[in-house]
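K.L.:
So that you have it, the file is coords.tsv, and it contains TSV, C-alpha atoms:
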```
chain	number	residue	atom	x	y	z
A	119	MET	CA	48.49	21.76	51.56
A	120	ALA	CA	51.48	20.66	53.65
A	121	GLY	CA	52.27	17.64	51.56
A	122	PHE	CA	53.45	16.43	48.18
A	123	ALA	CA	52.25	18.72	45.35
A	124	GLY	CA	53.24	16.31	42.59
A	125	PHE	CA	55.75	15.65	39.85
A	126	CYS	CA	56.94	18.31	37.41
A	127	GLN	CA	59.02	17.80	34.29
A	128	LEU	CA	61.96	20.13	33.75
A	129	GLY	CA	60.72	23.10	31.72
A	130	ASN	CA	57.07	22.54	32.65
A	131	THR	CA	55.16	24.65	35.16
A	132	ILE	CA	53.96	23.36	38.50
A	133	ASP	CA	50.76	25.09	39.64
A	134	VAL	CA	49.59	24.86	43.25
A	135	VAL	CA	46.61	26.64	44.82
A	136	ILE	CA	47.46	28.17	48.21
A	137	VAL	CA	44.72	29.13	50.70
A	138	SER	CA	45.51	31.52	53.54
A	139	ARG	CA	43.17	31.00	56.52
A	140	ASN	CA	42.68	32.53	59.96
A	141	SER	CA	42.43	30.49	63.18
A	142	SER	CA	38.73	29.84	62.43
A	143	LEU	CA	39.78	28.40	59.04
A	144	VAL	CA	38.09	31.25	57.14
A	145	PRO	CA	40.07	32.45	54.09
A	146	VAL	CA	41.84	35.79	54.68
A	147	ASP	CA	44.09	37.98	52.56
A	148	ALA	CA	47.61	38.63	53.72
A	149	ASP	CA	48.56	42.31	54.10
A	150	ALA	CA	50.64	41.97	50.91
A	151	LEU	CA	50.96	39.22	48.33
A	152	PRO	CA	52.57	36.18	50.02
A	153	THR	CA	56.10	35.17	49.11
A	154	TYR	CA	57.69	31.76	48.63
A	155	ARG	CA	61.14	30.26	49.00
A	156	ILE	CA	62.23	27.05	47.25
A	157	TYR	CA	64.92	24.80	48.76
A	158	SER	CA	66.79	21.82	47.34
A	159	PRO	CA	68.63	19.29	49.53
A	160	ALA	CA	71.70	21.54	49.03
A	161	GLY	CA	69.96	24.76	50.16
A	162	PHE	CA	68.14	27.83	48.87
A	163	MET	CA	67.16	27.87	45.17
A	164	ASN	CA	64.59	30.59	44.39
A	165	SER	CA	62.08	33.03	45.84
A	166	GLY	CA	59.20	35.08	44.53
A	167	SER	CA	55.68	36.33	45.13
A	168	LEU	CA	52.33	34.66	44.62
A	169	ALA	CA	49.40	36.14	42.71
A	170	PHE	CA	45.70	36.02	43.51
A	171	LYS	CA	44.16	32.86	42.05
A	172	ASP	CA	40.66	34.06	41.11
A	173	THR	CA	40.55	37.62	39.84
A	174	ALA	CA	37.89	39.31	37.76
A	175	ALA	CA	37.37	42.69	36.11
A	176	ILE	CA	34.29	44.59	37.25
A	177	THR	CA	32.46	46.53	34.56
A	178	GLY	CA	29.34	47.54	36.49
A	179	ALA	CA	27.63	47.58	39.87
A	180	THR	CA	24.13	48.41	41.09
A	181	SER	CA	23.39	51.01	43.75
A	182	ALA	CA	20.87	48.68	45.34
A	183	ASN	CA	20.18	46.12	48.05
A	184	PRO	CA	21.57	43.55	47.33
A	185	THR	CA	24.48	44.77	45.20
A	186	VAL	CA	24.94	43.10	41.83
A	187	PHE	CA	28.35	43.36	40.16
A	188	THR	CA	28.83	42.83	36.43
A	189	SER	CA	31.94	40.79	35.68
A	190	VAL	CA	32.06	38.92	32.38
A	191	GLY	CA	33.17	35.30	32.82
A	192	HIS	CA	34.02	35.70	36.53
A	193	ASN	CA	33.87	31.97	37.57
A	194	TYR	CA	32.87	32.79	41.18
A	195	THR	CA	30.48	30.53	43.09
A	196	VAL	CA	27.77	31.06	45.70
A	197	GLY	CA	29.31	31.13	49.19
A	198	GLN	CA	32.72	32.31	48.01
A	199	LEU	CA	34.22	35.26	49.89
A	200	ILE	CA	35.41	38.04	47.55
A	201	THR	CA	36.99	41.47	47.87
A	202	THR	CA	36.38	44.30	45.43
A	203	SER	CA	38.73	47.26	45.32
A	204	GLY	CA	39.62	50.39	43.40
A	205	ILE	CA	36.04	50.97	42.26
A	206	THR	CA	35.15	54.60	41.66
A	207	VAL	CA	31.74	56.24	41.67
A	208	VAL	CA	30.39	59.48	40.27
A	209	SER	CA	29.25	60.74	43.68
A	210	GLY	CA	28.47	59.51	47.18
A	211	SER	CA	30.33	57.11	49.45
A	212	ASN	CA	32.35	54.31	47.94
A	213	GLY	CA	30.60	51.28	49.45
A	214	PHE	CA	31.41	49.24	46.34
A	215	ASN	CA	34.90	48.50	47.74
A	216	LEU	CA	34.04	45.65	50.08
A	217	THR	CA	34.61	42.11	51.28
A	218	ALA	CA	31.50	39.96	51.24
A	219	GLN	CA	30.16	36.49	50.55
A	220	ILE	CA	28.57	35.84	47.16
A	221	THR	CA	24.85	35.03	47.44
A	222	ALA	CA	23.97	34.49	43.76
A	223	THR	CA	25.70	34.23	40.38
A	224	THR	CA	24.99	34.20	36.68
A	225	THR	CA	27.51	33.80	33.88
A	226	ASN	CA	28.38	37.51	33.95
A	227	THR	CA	27.20	38.79	37.35
A	228	PHE	CA	27.59	38.03	41.04
A	229	THR	CA	25.51	39.30	43.94
A	230	VAL	CA	26.49	40.15	47.52
A	231	ALA	CA	24.11	40.85	50.40
A	232	VAL	CA	25.34	44.43	50.84
A	233	ASP	CA	23.09	47.49	50.69
A	234	ASN	CA	24.73	49.97	48.33
A	235	SER	CA	21.65	52.15	47.94
A	236	GLY	CA	23.00	55.70	47.97
A	237	SER	CA	26.62	54.67	47.27
A	238	GLY	CA	26.66	56.72	44.11
A	239	VAL	CA	26.69	55.71	40.47
A	240	PHE	CA	29.34	53.21	39.33
A	241	LEU	CA	32.02	54.89	37.20
A	242	SER	CA	34.84	52.34	36.76
A	243	GLY	CA	35.94	48.94	38.01
A	244	GLY	CA	39.32	49.91	39.40
A	245	THR	CA	41.39	46.86	40.29
A	246	GLY	CA	38.33	44.57	40.19
A	247	ALA	CA	37.65	41.60	42.42
A	248	HIS	CA	39.49	38.61	43.82
A	249	ALA	CA	38.63	35.55	45.88
A	250	VAL	CA	39.76	36.19	49.45
A	251	GLY	CA	42.86	34.31	50.61
A	252	ILE	CA	43.31	32.17	47.49
A	253	TYR	CA	46.67	32.45	45.76
A	254	ASP	CA	48.40	30.78	42.83
A	255	PHE	CA	51.92	29.33	43.02
A	256	ASN	CA	53.27	28.89	39.48
A	257	PHE	CA	56.87	27.90	38.97
A	258	THR	CA	58.89	26.42	36.11
A	259	PRO	CA	62.05	24.53	37.12
A	260	THR	CA	64.74	24.62	34.42
A	261	ILE	CA	68.18	23.12	33.94
A	262	GLY	CA	69.58	26.63	33.48
A	263	ALA	CA	68.43	27.52	37.01
A	264	ASN	CA	70.17	24.36	38.36
A	265	TYR	CA	67.06	22.22	38.87
A	266	ALA	CA	67.71	18.53	38.39
A	267	SER	CA	65.58	15.57	37.43
A	268	GLY	CA	64.91	13.21	40.33
A	269	THR	CA	65.34	15.88	43.00
A	270	ILE	CA	62.66	16.76	45.55
A	271	TYR	CA	62.27	20.47	46.30
A	272	SER	CA	60.62	22.07	49.34
A	273	VAL	CA	58.50	25.22	49.12
A	274	ILE	CA	57.65	27.46	52.09
A	275	VAL	CA	55.00	30.15	51.57
A	276	TYR	CA	54.95	33.14	53.93
A	277	GLY	CA	52.38	35.88	54.45
A	278	LEU	CA	52.43	39.10	56.43
A	279	PHE	CA	49.50	39.57	58.82
A	280	SER	CA	49.44	42.71	60.98
A	281	THR	CA	53.26	43.01	60.77
A	282	VAL	CA	53.78	39.35	61.73
A	283	SER	CA	55.19	36.97	59.13
A	284	LYS	CA	53.50	33.55	59.23
A	285	VAL	CA	53.94	30.36	57.27
A	286	ILE	CA	50.84	29.88	55.13
A	287	ASP	CA	51.84	26.60	53.53
A	288	PHE	CA	54.66	24.11	53.10
A	289	PHE	CA	54.86	21.49	50.36
A	290	THR	CA	57.28	19.54	48.20
A	291	PHE	CA	57.44	18.66	44.52
A	292	GLN	CA	59.72	16.38	42.51
A	293	VAL	CA	61.29	17.25	39.19
A	294	THR	CA	61.18	14.40	36.67
```
Mind turning this structure into structure tokens?

P.N.:
Amino acid sequence: MAGFAGFCQLGNTIDVVIVSRNSSLVPVDADALPTYRIYSPAGFMNSGSLAFKDTAAITGATSANPTVFTSVGHNYTVGQLITTSGITVVSGSNGFNLTAQITATTTNTFTVAVDNSGSGVFLSGGTGAHAVGIYDFNFTPTIGANYASGTIYSVIVYGLFSTVSKVIDFFTFQVT
């Protein structure tokens, strides 16, 4: 984003979507959830971790080519890069844990061009799926935490990539 995220009333939540990209501008996950630090003109105020923006529970998957995942109300779109993880199968390899681009969607399914024929029978959805490299910054400035109306705050978001910490984003917001 690297700009002004907007105005936020004291006690209300500011929500900013953060996208982590590689040098080719393709979304990538950090090695761990990114962290943020908030600064006022007087110095450090708060820190915390981001969460994945678009997550979905997986309740089924086909052992086929292409692979179709069942995920009620997932909200993913064609072309979006997703990662599935923690999926267990009855037997065979665990090819259901993958990162791939979505090729088709319905309200409750999404398809990836991955051949999972012979990957075993789906048993459980594990940790589910998330959109690669898309995180959610949610923060509520309050008087009790010394946030003040009229003040502009700076946010720096960091991610760890192969043991190197990098700035993913920098933006400001103003409390009203």

K.L.:
Find the nearest atom pair between each residue of segment 147-180 of chain A and segment 245-254 of chain A for residues within 8 Å, count only C-alpha atoms, give distances in Å to one decimal, sort rows by chain and ascending number, and present the table as a Markdown table.

P.N.:
```
| residue | atom | partner | partner_atom | distance |
| --- | --- | --- | --- | --- |
| A:Asp147 | CA | A:Gly251 | CA | 4.3 |
| A:Ala148 | CA | A:Gly251 | CA | 7.1 |
| A:Leu168 | CA | A:Asp254 | CA | 5.8 |
| A:Ala169 | CA | A:Asp254 | CA | 5.5 |
| A:Phe170 | CA | A:Tyr253 | CA | 4.3 |
| A:Lys171 | CA | A:Tyr253 | CA | 4.5 |
| A:Asp172 | CA | A:Ala249 | CA | 5.4 |
| A:Thr173 | CA | A:His248 | CA | 4.2 |
| A:Ala174 | CA | A:Ala247 | CA | 5.2 |
| A:Ala175 | CA | A:Gly246 | CA | 4.6 |
| A:Ile176 | CA | A:Gly246 | CA | 5.0 |
```

K.L.:
Using only C-alpha atoms, pick whichever of A:Val134, A:Leu128, A:Tyr154, A:Pro145 has the shortest atom-to-atom distance to Ser283 of chain A.

P.N.:
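When distances to Ser283 of chain A are compared using only C-alpha atoms, the smallest one comes from A:Tyr154.
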
K.L.:
Calculated over all atoms listed in the file, which of the candidates A:Val239, A:Val137, A:Val144, A:Leu278 has the smallest distance to Thr206 of chain A?

P.N.:
A:Val239

K.L.:
Quote the spacing between atom CA of Tyr265 of chain A and atom CA of Asp287 of chain A in Å to one decimal place.

P.N.:
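Result for atom CA of Tyr265 of chain A versus atom CA of Asp287 of chain A: 21.6 Å, one decimal.
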
K.L.:
If we count only C-alpha atoms, what is near Val275 of chain A at a cut-off of 8 Å, once residues fewer than 4 positions away on the same chain are taken out, given as a compact mmCIF listing (two decimals) with C-alpha atoms, keeping the file's coordinate frame?

P.N.:
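out06.txt, written as the output of this step:
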```txt
# COMPACT_ATOMS: atom_id res chain seq x y z
CA PRO A 152 52.57 36.18 50.02
CA THR A 153 56.10 35.17 49.11
CA TYR A 154 57.69 31.76 48.63
CA ARG A 155 61.14 30.26 49.00
CA VAL A 285 53.94 30.36 57.27
CA ILE A 286 50.84 29.88 55.13
CA ASP A 287 51.84 26.60 53.53
CA PHE A 288 54.66 24.11 53.10
```

K.L.:
I want to know what sits within 9 Å of Ala218 of chain A, based on only C-alpha atoms, with residues of the same chain fewer than 3 positions away left out; could you give that as a PyMOL selection string?

P.N.:
chain A and resi 198-202+230-232

K.L.:
Find the residues near Thr269 of chain A: any atom within 9 Å, counting only C-alpha atoms, skip ones fewer than 6 places away on the same chain, and give them as a list in words.

P.N.:
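The filter keeps Ser158, Pro159, Phe291, Gln292, Val293 and Thr294 of chain A.
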
K.L.:
To one decimal place, how far is atom CA of Gly238 of chain A from atom CA of Leu216 of chain A in Å?

P.N.:
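Result for atom CA of Gly238 of chain A versus atom CA of Leu216 of chain A: 14.6 Å, one decimal.
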
K.L.:
Pick out the closest residue to Gly121 of chain A from this set: A:Asn140, A:Thr290, A:Asn215, A:Asn193. Count all atoms listed in the file.

P.N.:
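When distances to Gly121 of chain A are compared using all atoms listed in the file, the smallest one comes from A:Thr290.
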
K.L.:
Can you tell me, as a list in words, what residues are no more than 8 Å from Pro259 of chain A when counting all atoms listed in the file, ignoring any on the same chain fewer than 2 positions away?

P.N.:
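Counting all atoms listed in the file, the residues come to Gln127, Leu128, Gly129, Asn130, Thr131, Phe257, Ile261, Ala263, Tyr265 and Val293 of chain A.
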
K.L.:
Quick one: distance from atom CA of Asp149 of chain A to atom CA of Thr281 of chain A in Å, one decimal?

P.N.:
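That distance, rounded to one decimal, is 8.2 Å.
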
K.L.:
Using all atoms listed in the file, which residue out of A:Val273, A:Val186, A:Gly204, A:Gly262 lies closest to Asp233 of chain A?

P.N.:
A:Val186

K.L.:
Taking into account only C-alpha atoms, which residue in the set A:Gly243, A:Thr224, A:Ala123, A:Phe255 is nearest to Tyr276 of chain A?

P.N.:
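Distance minimum relative to Tyr276 of chain A lands on A:Phe255.
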
K.L.:
Using only C-alpha atoms, which residue out of A:Thr258, A:Ser272, A:Ser242, A:Ser237 lies closest to Thr185 of chain A?

P.N.:
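Nearest to Thr185 of chain A: A:Ser237.
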